[in-house]
Amino acid sequence: MQREPVVVQSQRARARSGTRPAHLHFLVDDQLTGPELRGWLGMERVTRKAVAVILLAGLLLGVLHYYTLSNRTESLGEETKISADSSLRYKQPSVVHGRTDVVSVTPWLAPVVWEGTFYPVLIDSIYQRQNVSIAATVFAVGKYVQFLKNFLETAEQFFFVGFDVHVYVFTDQPDAIPDVRIADGRQLTVRSVPSSNRWQEISARRMELIQALIEETLLAHADYIFCLDVDSKFHGRWGAESLSGLVAVLHPGYYEDGRSRLPYERRPQSRAYMAPEDGDFYYCGGAFGGSVQEVLLLTQTCRHNFEADAREGIEAAWQEESHLNKYMWIHKPTKVLSPEYLWQDFHPRDPKMHIIRFSGVVKNYADIRPNV
């Protein structure tokens, strides 16, 4: 006996007929044969399996995400608990009481750091947990090498004590480097540079050499850098309160003066030119710093402008210091350090200076500079 084709009504056919099958509905007048029916049923089973696999994978991913998030939360909780258990004790800060004899914030909301505006142990502990690395550069060329021993010895006592510090000494007399005991976690590297017959050239080349140091070494090995004068010594702590993106130091000779008295470059021909109505403060060329990325941009720009001026026969009034001040007029420092961070020993101490942290020593320039 010949079997008639067994077919299943298609979805489109059901839609046309208005039927609502609750199960497979077989009709003899459709056009789907037995083999086709088995293929259709096979495809449906494959589709159901695929859906089941997708749902199972989604469930597994959800469980994995839950446990990952849970473990991370527990880990953060443990870190927070450890920090809380070992937290430092310090006087509660106040937003209505503090120093009233000095300004502690610039008009662009950068902190101005003075003694009494921060808690040293607290600020150091915050950055020590970040395991930051500090580089410092100092140039001891010609007779300036005589100041290096005092600089290095006092830096060991006061400069970022307890931090990872690497001091880079640029000198034309590597054999004259003094033997100074360096504490664990601190390093000293000597880099040879050529001598010069003009102190202005020595000063001017600093930007070029610092730029090269950052590009070749520091971008991969340091977080912050400070560029300091060798004819200076430390008298008090210089720590993490000074860290920021771009850090300037108020010049001790001009921090109370108006714009008309600031020794900016005033010749329009120079790229360091500052108009009479321009300028915020006058910053030191003997102490500046910040993150290695920000200081790299500063040195690149100052070097470029200095060399462009030189090709046109122009030398700014105070060499790289003039270009630095122009740069920081356009690119505002994110932190300003008070003159505590580079005083001058020949100045009588201002009562506003509750502490002198770093200061230029008294010297006879005629004795130490190749030209005066």
# chains A, B, ... in the order shown; residues from 1 in each chain; ligands from 1
call {"tool": "residues_around", "arguments": {"residues": "region 271-278 of chain A", "least_positions_apart": "6", "cutoff": "9 Å", "atoms": "only C-alpha atoms", "output": "PyMOL selection string"}}
result
chain A and resi 259-260+264-265+302+305-306+308-309+316-317+322-327+329
call {"tool": "write_last_selection", "arguments": {"atoms": "C-alpha atoms", "output": "PDB file, in the first residue's frame"}}
result
ATOM      1  CA  ARG A 259      55.328  92.587  37.224  1.00  0.00           C
ATOM      2  CA  SER A 260      57.257  95.721  36.358  1.00  0.00           C
ATOM      3  CA  TYR A 264      61.657  88.711  32.391  1.00  0.00           C
ATOM      4  CA  GLU A 265      63.111  88.920  28.898  1.00  0.00           C
ATOM      5  CA  CYS A 302      62.798  75.700  26.080  1.00  0.00           C
ATOM      6  CA  ASN A 305      63.227  78.338  21.627  1.00  0.00           C
ATOM      7  CA  PHE A 306      66.711  78.896  23.002  1.00  0.00           C
ATOM      8  CA  ALA A 308      66.015  79.343  17.571  1.00  0.00           C
ATOM      9  CA  ASP A 309      66.991  82.567  19.369  1.00  0.00           C
ATOM     10  CA  ALA A 316      67.685  85.768  26.576  1.00  0.00           C
ATOM     11  CA  ALA A 317      68.482  87.876  29.621  1.00  0.00           C
ATOM     12  CA  SER A 322      64.001  83.306  30.906  1.00  0.00           C
ATOM     13  CA  HIS A 323      62.636  80.585  28.619  1.00  0.00           C
ATOM     14  CA  LEU A 324      61.379  78.611  31.617  1.00  0.00           C
ATOM     15  CA  ASN A 325      59.416  81.628  32.845  1.00  0.00           C
ATOM     16  CA  LYS A 326      57.868  82.134  29.414  1.00  0.00           C
ATOM     17  CA  TYR A 327      56.891  78.459  29.295  1.00  0.00           C
ATOM     18  CA  TRP A 329      53.377  81.709  31.871  1.00  0.00           C
TER      19      TRP A 329
END
call {"tool": "residues_around", "arguments": {"residues": "Ala222 (chain A)", "least_positions_apart": "4", "cutoff": "12 Å", "atoms": "only C-alpha atoms", "output": "PyMOL selection string"}}
result
chain A and resi 131-136+163-167+213-218+226+290-293+295
call {"tool": "atom_distance", "arguments": {"atom1": "CA of Tyr90 (chain A)", "atom2": "CA of Gly185 (chain A)"}}
result
27.1 Å
call {"tool": "residues_around", "arguments": {"residues": "region 242-245 of chain A", "least_positions_apart": "2", "cutoff": "9 Å", "atoms": "only C-alpha atoms", "output": "PDB file with N, CA, C and O atoms, in the first residue's frame"}}
result
ATOM      1  N   VAL A 113      53.081  75.865  48.214  1.00  0.00           N
ATOM      2  CA  VAL A 113      53.484  75.053  49.364  1.00  0.00           C
ATOM      3  C   VAL A 113      54.373  75.869  50.303  1.00  0.00           C
ATOM      4  O   VAL A 113      55.461  76.316  49.916  1.00  0.00           O
ATOM      5  N   TYR A 127      52.331  58.914  49.090  1.00  0.00           N
ATOM      6  CA  TYR A 127      53.138  58.645  47.895  1.00  0.00           C
ATOM      7  C   TYR A 127      54.017  57.408  48.053  1.00  0.00           C
ATOM      8  O   TYR A 127      54.327  56.744  47.056  1.00  0.00           O
ATOM      9  N   TYR A 224      59.025  61.045  38.680  1.00  0.00           N
ATOM     10  CA  TYR A 224      59.196  62.492  38.830  1.00  0.00           C
ATOM     11  C   TYR A 224      60.669  62.858  38.708  1.00  0.00           C
ATOM     12  O   TYR A 224      61.552  62.019  38.913  1.00  0.00           O
ATOM     13  N   TRP A 238      62.721  68.050  52.135  1.00  0.00           N
ATOM     14  CA  TRP A 238      62.101  68.284  50.822  1.00  0.00           C
ATOM     15  C   TRP A 238      61.503  66.943  50.450  1.00  0.00           C
ATOM     16  O   TRP A 238      62.204  66.003  50.123  1.00  0.00           O
ATOM     17  N   GLY A 239      60.168  66.846  50.521  1.00  0.00           N
ATOM     18  CA  GLY A 239      59.536  65.548  50.342  1.00  0.00           C
ATOM     19  C   GLY A 239      58.384  65.558  49.357  1.00  0.00           C
ATOM     20  O   GLY A 239      58.319  66.385  48.433  1.00  0.00           O
ATOM     21  N   ALA A 240      57.442  64.641  49.588  1.00  0.00           N
ATOM     22  CA  ALA A 240      56.370  64.380  48.627  1.00  0.00           C
ATOM     23  C   ALA A 240      55.398  65.537  48.474  1.00  0.00           C
ATOM     24  O   ALA A 240      54.624  65.565  47.514  1.00  0.00           O
ATOM     25  N   VAL A 247      56.079  71.580  38.335  1.00  0.00           N
ATOM     26  CA  VAL A 247      56.385  72.222  39.620  1.00  0.00           C
ATOM     27  C   VAL A 247      57.360  73.378  39.401  1.00  0.00           C
ATOM     28  O   VAL A 247      58.438  73.198  38.823  1.00  0.00           O
ATOM     29  N   GLY A 289      60.692  71.160  38.461  1.00  0.00           N
ATOM     30  CA  GLY A 289      60.508  69.723  38.254  1.00  0.00           C
ATOM     31  C   GLY A 289      59.074  69.365  37.949  1.00  0.00           C
ATOM     32  O   GLY A 289      58.293  70.172  37.452  1.00  0.00           O
ATOM     33  N   GLY A 290      58.748  68.107  38.266  1.00  0.00           N
ATOM     34  CA  GLY A 290      57.413  67.581  38.008  1.00  0.00           C
ATOM     35  C   GLY A 290      57.494  66.159  37.498  1.00  0.00           C
ATOM     36  O   GLY A 290      58.511  65.468  37.664  1.00  0.00           O
ATOM     37  N   SER A 291      56.435  65.711  36.869  1.00  0.00           N
ATOM     38  CA  SER A 291      56.457  64.375  36.268  1.00  0.00           C
ATOM     39  C   SER A 291      57.443  64.371  35.113  1.00  0.00           C
ATOM     40  O   SER A 291      57.695  65.409  34.479  1.00  0.00           O
ATOM     41  N   VAL A 292      58.010  63.210  34.824  1.00  0.00           N
ATOM     42  CA  VAL A 292      59.007  63.159  33.743  1.00  0.00           C
ATOM     43  C   VAL A 292      58.384  63.554  32.405  1.00  0.00           C
ATOM     44  O   VAL A 292      59.053  64.172  31.559  1.00  0.00           O
ATOM     45  N   GLN A 293      57.100  63.248  32.207  1.00  0.00           N
ATOM     46  CA  GLN A 293      56.454  63.604  30.945  1.00  0.00           C
ATOM     47  C   GLN A 293      56.315  65.118  30.804  1.00  0.00           C
ATOM     48  O   GLN A 293      56.585  65.690  29.734  1.00  0.00           O
ATOM     49  N   GLU A 294      55.909  65.784  31.887  1.00  0.00           N
ATOM     50  CA  GLU A 294      55.734  67.238  31.830  1.00  0.00           C
ATOM     51  C   GLU A 294      57.075  67.954  31.702  1.00  0.00           C
ATOM     52  O   GLU A 294      57.199  68.934  30.963  1.00  0.00           O
ATOM     53  N   VAL A 295      58.084  67.492  32.423  1.00  0.00           N
ATOM     54  CA  VAL A 295      59.395  68.144  32.336  1.00  0.00           C
ATOM     55  C   VAL A 295      60.021  67.901  30.962  1.00  0.00           C
ATOM     56  O   VAL A 295      60.743  68.755  30.445  1.00  0.00           O
ATOM     57  N   PRO A 333      52.105  76.132  36.076  1.00  0.00           N
ATOM     58  CA  PRO A 333      52.512  75.023  36.943  1.00  0.00           C
ATOM     59  C   PRO A 333      51.340  74.512  37.763  1.00  0.00           C
ATOM     60  O   PRO A 333      50.459  75.282  38.163  1.00  0.00           O
ATOM     61  N   THR A 334      51.322  73.221  38.003  1.00  0.00           N
ATOM     62  CA  THR A 334      50.251  72.617  38.792  1.00  0.00           C
ATOM     63  C   THR A 334      50.542  72.670  40.294  1.00  0.00           C
ATOM     64  O   THR A 334      49.672  72.377  41.104  1.00  0.00           O
ATOM     65  N   LYS A 335      51.771  73.039  40.643  1.00  0.00           N
ATOM     66  CA  LYS A 335      52.131  73.271  42.044  1.00  0.00           C
ATOM     67  C   LYS A 335      53.259  74.286  42.071  1.00  0.00           C
ATOM     68  O   LYS A 335      54.184  74.227  41.260  1.00  0.00           O
ATOM     69  N   VAL A 336      53.164  75.227  42.999  1.00  0.00           N
ATOM     70  CA  VAL A 336      54.188  76.257  43.156  1.00  0.00           C
ATOM     71  C   VAL A 336      54.793  76.092  44.545  1.00  0.00           C
ATOM     72  O   VAL A 336      54.075  76.061  45.546  1.00  0.00           O
ATOM     73  N   LEU A 337      56.113  75.975  44.594  1.00  0.00           N
ATOM     74  CA  LEU A 337      56.810  75.863  45.866  1.00  0.00           C
ATOM     75  C   LEU A 337      57.280  77.245  46.307  1.00  0.00           C
ATOM     76  O   LEU A 337      57.775  78.033  45.498  1.00  0.00           O
TER      77      LEU A 337
END
call {"tool": "residues_around", "arguments": {"residues": "Ser195 (chain A)", "least_positions_apart": "6", "cutoff": "9 Å", "atoms": "only C-alpha atoms", "output": "PyMOL selection string"}}
result
chain A and resi 141-142+171-173+202
call {"tool": "select_by_dssp", "arguments": {"residues": "region 65-309 of chain A", "states": "strand (DSSP E or B)", "output": "ChimeraX atom specification"}}
result
/A:105,111-113,133-140,159,164-171,186-192,224-228,232-234,238,246-250,265,273,283-291
call {"tool": "closest_residue", "arguments": {"among": "A:Leu262, A:Leu298, A:Leu56, A:Arg357", "to": "Ile210 (chain A)", "atoms": "only C-alpha atoms"}}
result
A:Leu298
call {"tool": "select_by_dssp", "arguments": {"residues": "region 69-262 of chain A", "states": "helix (DSSP H, G or I)", "output": "ChimeraX atom specification"}}
result
/A:69-85,120-128,142-158,174-176,199-221,240-242,259-261
call {"tool": "closest_residue", "arguments": {"among": "A:Leu122, A:Ile330, A:Leu188, A:Val138", "to": "Cys227 (chain A)", "atoms": "only C-alpha atoms"}}
result
A:Val138
call {"tool": "residues_around", "arguments": {"residues": "Tyr283 (chain A)", "least_positions_apart": "6", "cutoff": "6 Å", "atoms": "only C-alpha atoms", "output": "ChimeraX atom specification"}}
result
/A:249-251
call {"tool": "closest_residue", "arguments": {"among": "A:Arg99, A:Lys91, A:Arg206, A:Arg186", "to": "His354 (chain A)", "atoms": "only C-alpha atoms"}}
result
A:Arg99
call {"tool": "closest_residue", "arguments": {"among": "A:Ser270, A:Arg261, A:Ile177, A:His221", "to": "Gln319 (chain A)", "atoms": "only C-alpha atoms"}}
result
A:Ser270
call {"tool": "closest_residue", "arguments": {"among": "A:Phe234, A:Tyr119, A:Tyr254, A:Tyr168", "to": "Glu153 (chain A)", "atoms": "only C-alpha atoms"}}
result
A:Phe234
call {"tool": "closest_residue", "arguments": {"among": "A:Val230, A:Ile225, A:Leu297, A:Leu246", "to": "Ala155 (chain A)", "atoms": "only C-alpha atoms"}}
result
A:Val230
call {"tool": "atom_distance", "arguments": {"atom1": "CA of Asp124 (chain A)", "atom2": "CA of Phe170 (chain A)"}}
result
28.3 Å
